[in-house]
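**Q** If you scroll down you'll find the structure; I have some questions about it.
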Amino acid sequence: MAGNKVFLPCDTQPSAQDKVDMVLWFKKANGQPFYTYEVRGRPMNQPKSSFSAIGTRGYFYAMSTPAILLLEHVTPADSGIYWCRVDFLHSATRNYMVNLTVITPPNQPTIIDARTQDSIRLLEPYNEGDTIELLCEVKGGNPRPSLIWYLENTIIDETFEEEDNGVTSNALTFPRLGRQHLNARLSCQASNTNLSPPPSKVIILNINLRPLSVQIVKKQEQLSANRSYEVECIVTGSRPAPQITWWIGSRPLRDNVINFSQSNLTRSVVQLVPEAQDHERLLICHAENPHLRAKSLEDTWKLDVQYVPIVSLKISLTSKKSNHTLEGDDVYLECTARANPRPSKFFWFKQGMQIEHNASAGVFVSEQSLVLQNVTRIDSGEYKCAAQNDEGKSTSNPVYLQIRYPPVCISSKNSQVFVVLEKKTIELICEVNSSPPPKHFMWSFNNSKEYMDIDPKYYKSRGSTSTLLYTPSTEEDFGVVSCLAVNTAGLQDEPCSFILAAPKQRLAVIR
């Protein structure tokens, strides 16, 4: 085979009391040797050798029995009769000839539609009763290959033609495709040697047949939403298996669909989980063979779906100035429910705990509304409503009510007293509680003589905490250090104060 290596034998075995003097290799019709192996006056393992025509592709194994000339990466040009001439010291010259044939395999065959000259057509199914006309072509091959059509393992056409451009072709006409040919293997095989498997091109015959009937089975009079039901559709007469699609109204059902095919009958099973909006919609089983331009068939079933309430909660504020809820505002929460049958009862919850009607506390509960009057910060939290009917009970989306209020000191006492030595640094921590968290802090200092704001570079703020490192240097640096926080609800009413006193209980005034 082209590209492989070949071993050409040469009988160099001398008679008794004799030895090889020289080995010459020729290719017939060429008078000059292309390889010389000379041991005259030399040991056998130290010859004088040279290649001319074949270069590094050749190597001579003189010590093997018989001797072998190795040719690597052979090409069709290497074909021919090789002549090995062996000269002995005493005996007559021996000649040995080898006929080398290098076979080039053909390329992969190509199958095209003989009428359209288009190979894409082969990817489409044929219809029952069609006559197919296919052309198989193969390029190359030395010697020229035979080109034979097979149906499964049976020869159906071996009338190939050899064209002048090196192409071998075989035109096949195969009439009256029938059911017995469905999925049969139609192959075109090119062969010119037994040294390797012949290349071939295979197509699988796919025959289209029309669906004859469609029927939905396992129907129920009434369904519950979000529960699983197995619904089956039976389609007969279609080959290959029909394309079956399920629909609820205009919505396709693509998940949880399994099709089973046997002979000319296909069962399609869908795990139907109807939703509330599917009430009184049509469930459709649609069957078609898209390769046959025939009318599709379908069967329908009108659904009767019962479902638990679909509940939604929204909040309304009395404040016209902003979307924020401040202490003292009134809050209205409205619960809406869509259900079949209609809800029989509603429930209200805060942080998972049920809310009861309490007029004295400003809490008014009706069927679909909750009113909170004069809210305070303790009314902040997550609110939900729920509705119940014969199908069950469901809960609404959560609504988080955030009551906004200005910052206040976390410490139970707004003022704290610290005794500090001069030139000793003290860390003052201002912590507040607010909703939302503070936007920024402000520090100030005052004594009996003056008041001043402290530069922000002397303190750091993060979240609800601000820290000031303060070092009194003189008696005037003792006094009251105050901290105020601001958020979107407003400015802190009472500052957090730190009274700094010297050990002598004297207050100094900051410079």
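In the structure tokens, chains take the letters A, B, ... in the order shown, each chain's residues start at 1, and ligands count up from 1 in the order shown.
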Can you list, as a PyMOL selection string, every protein, DNA or RNA residue that comes within 10 Å of Ser396 (chain A) when you count only C-alpha atoms, leaving out same-chain residues fewer than 2 positions away?

**A** chain A and resi 309-314+335-337+348+383-387+394+398-399

**Q** Can you write out as CSV which residues of region 140-160 of chain A fall within 12 Å of region 194-205 of chain A, alongside each residue's closest atom pair and its distance in Å to one decimal, counting only C-alpha atoms and ordering rows by chain and ascending residue number?

**A**
```
residue,atom,partner,partner_atom,distance
A:Gly140,CA,A:Pro199,CA,12.0
A:Gly141,CA,A:Pro199,CA,11.0
A:Pro145,CA,A:Pro198,CA,9.5
A:Ser146,CA,A:Pro198,CA,10.0
A:Leu147,CA,A:Ser200,CA,9.3
A:Ile148,CA,A:Ser200,CA,9.5
A:Trp149,CA,A:Ser200,CA,9.6
A:Tyr150,CA,A:Val202,CA,9.3
A:Leu151,CA,A:Val202,CA,9.8
A:Glu152,CA,A:Val202,CA,9.8
A:Asn153,CA,A:Val202,CA,11.9
```

**Q** Can you pull out every residue within 8 Å of region 82-98 of chain A, counting only C-alpha atoms, but drop anything in the same chain fewer than 5 positions away, and send it as a short mmCIF file (atom, residue, chain, number, x, y, z; two decimals) with N, CA, C and O atoms, in the first residue's frame?

**A**
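In the end it all went to part.cif:
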```cif
data_model
loop_
_atom_site.label_atom_id
_atom_site.label_comp_id
_atom_site.auth_asym_id
_atom_site.auth_seq_id
_atom_site.Cartn_x
_atom_site.Cartn_y
_atom_site.Cartn_z
N LEU A 8 12.30 -5.94 0.59
CA LEU A 8 12.64 -6.66 -0.64
C LEU A 8 13.76 -7.65 -0.32
O LEU A 8 14.87 -7.25 0.09
N PRO A 9 13.49 -8.96 -0.48
CA PRO A 9 14.50 -9.96 -0.10
C PRO A 9 15.59 -10.10 -1.16
O PRO A 9 15.37 -9.86 -2.35
N CYS A 10 16.77 -10.53 -0.69
CA CYS A 10 17.91 -10.80 -1.58
C CYS A 10 18.72 -11.94 -0.96
O CYS A 10 19.17 -11.84 0.19
N ASP A 11 18.91 -13.02 -1.71
CA ASP A 11 19.65 -14.18 -1.20
C ASP A 11 21.14 -13.90 -1.30
O ASP A 11 21.74 -13.98 -2.37
N THR A 12 21.76 -13.56 -0.18
CA THR A 12 23.20 -13.26 -0.15
C THR A 12 23.99 -14.35 0.55
O THR A 12 25.17 -14.16 0.85
N PRO A 14 26.40 -17.07 1.10
CA PRO A 14 27.48 -17.64 0.27
C PRO A 14 27.60 -19.16 0.49
O PRO A 14 27.09 -19.71 1.47
N SER A 15 28.26 -19.80 -0.45
CA SER A 15 28.55 -21.23 -0.27
C SER A 15 29.71 -21.39 0.71
O SER A 15 30.31 -20.41 1.16
N ASP A 18 33.36 -19.39 1.15
CA ASP A 18 33.23 -18.21 0.31
C ASP A 18 32.58 -17.09 1.12
O ASP A 18 32.06 -17.32 2.21
N LYS A 19 32.61 -15.91 0.59
CA LYS A 19 31.97 -14.79 1.28
C LYS A 19 31.52 -13.74 0.26
O LYS A 19 31.98 -13.73 -0.88
N VAL A 20 30.61 -12.87 0.74
CA VAL A 20 30.08 -11.81 -0.12
C VAL A 20 31.16 -10.76 -0.32
O VAL A 20 31.82 -10.33 0.62
N ASP A 21 31.22 -10.32 -1.56
CA ASP A 21 32.17 -9.28 -1.89
C ASP A 21 31.46 -7.92 -2.09
O ASP A 21 31.92 -6.89 -1.62
N MET A 22 30.29 -7.97 -2.77
CA MET A 22 29.55 -6.74 -3.07
C MET A 22 28.10 -7.09 -3.39
O MET A 22 27.83 -8.16 -3.94
N VAL A 23 27.18 -6.19 -2.97
CA VAL A 23 25.76 -6.31 -3.32
C VAL A 23 25.35 -5.02 -4.01
O VAL A 23 25.58 -3.92 -3.49
N LEU A 24 24.74 -5.20 -5.18
CA LEU A 24 24.26 -4.05 -5.95
C LEU A 24 22.75 -4.20 -6.17
O LEU A 24 22.27 -5.29 -6.50
N TRP A 25 22.03 -3.10 -5.99
CA TRP A 25 20.58 -3.09 -6.24
C TRP A 25 20.29 -2.19 -7.43
O TRP A 25 20.77 -1.06 -7.50
N PHE A 26 19.50 -2.76 -8.38
CA PHE A 26 19.09 -2.02 -9.56
C PHE A 26 17.56 -2.02 -9.62
O PHE A 26 16.90 -2.88 -9.06
N LYS A 27 17.05 -1.05 -10.33
CA LYS A 27 15.64 -1.07 -10.72
C LYS A 27 15.63 -1.25 -12.22
O LYS A 27 16.34 -0.54 -12.94
N LYS A 28 14.85 -2.26 -12.70
CA LYS A 28 14.89 -2.63 -14.11
C LYS A 28 14.63 -1.42 -14.99
O LYS A 28 13.83 -0.55 -14.66
#
```

**Q** At a cut-off of 12 Å, using only C-alpha atoms, what residues contact Arg293 (chain A)? Leave out same-chain residues fewer than 6 positions from it and give the result as a tab-separated table (two decimals) with C-alpha atoms, in the first residue's frame.

**A**
```
chain	number	residue	atom	x	y	z
A	127	ASN	CA	-41.66	8.66	0.55
A	208	ASN	CA	-42.18	8.32	5.29
A	209	LEU	CA	-45.71	7.07	6.00
A	210	ARG	CA	-48.71	9.20	6.96
A	211	PRO	CA	-50.46	9.18	10.36
```

**Q** Expressed in Å to a single decimal, how great is the separation between CA of Ser380 (chain A) and CA of Thr395 (chain A)?

**A** 19.5 Å

**Q** With a distance cut-off of 12 Å and only C-alpha atoms, select the neighbouring residues of region 418-420 of chain A, excluding the residue or stretch itself and same-chain residues fewer than 2 positions from it, and output the selection as a ChimeraX atom specification.

**A** /A:415-416,422-428,470-475,477-481,497-508

**Q** Have a look at A:Leu326, A:Leu333, A:Ala287, A:Ala361 and name the one nearest to Arg377 (chain A); count only C-alpha atoms.

**A**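 Counting only C-alpha atoms, the residue closest to Arg377 (chain A) is A:Leu326.
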
**Q** Find the residues near Leu177 (chain A): any atom within 12 Å, counting only C-alpha atoms, skip ones fewer than 2 places away on the same chain, and give them as JSON, numbers by chain.

**A** {"A": [125, 126, 127, 128, 129, 130, 131, 132, 133, 173, 174, 175, 179, 180, 181, 182, 183, 184, 205, 206, 207, 208, 209]}

**Q** Give me, as a VMD selection string, all polymer residues having an atom no more than 6 Å from region 264-281 of chain A, counting only C-alpha atoms and skipping those fewer than 4 positions away in the same chain.

**A** chain A and resid 225 to 238 249 256 to 260 302 to 305 307

**Q** Please extract the residues of region 199-416 of chain A with a backbone DSSP assignment of helix (DSSP H, G or I) and present them as a VMD selection string.

**A** chain A and resid 276 to 278 359 to 361 377 to 379
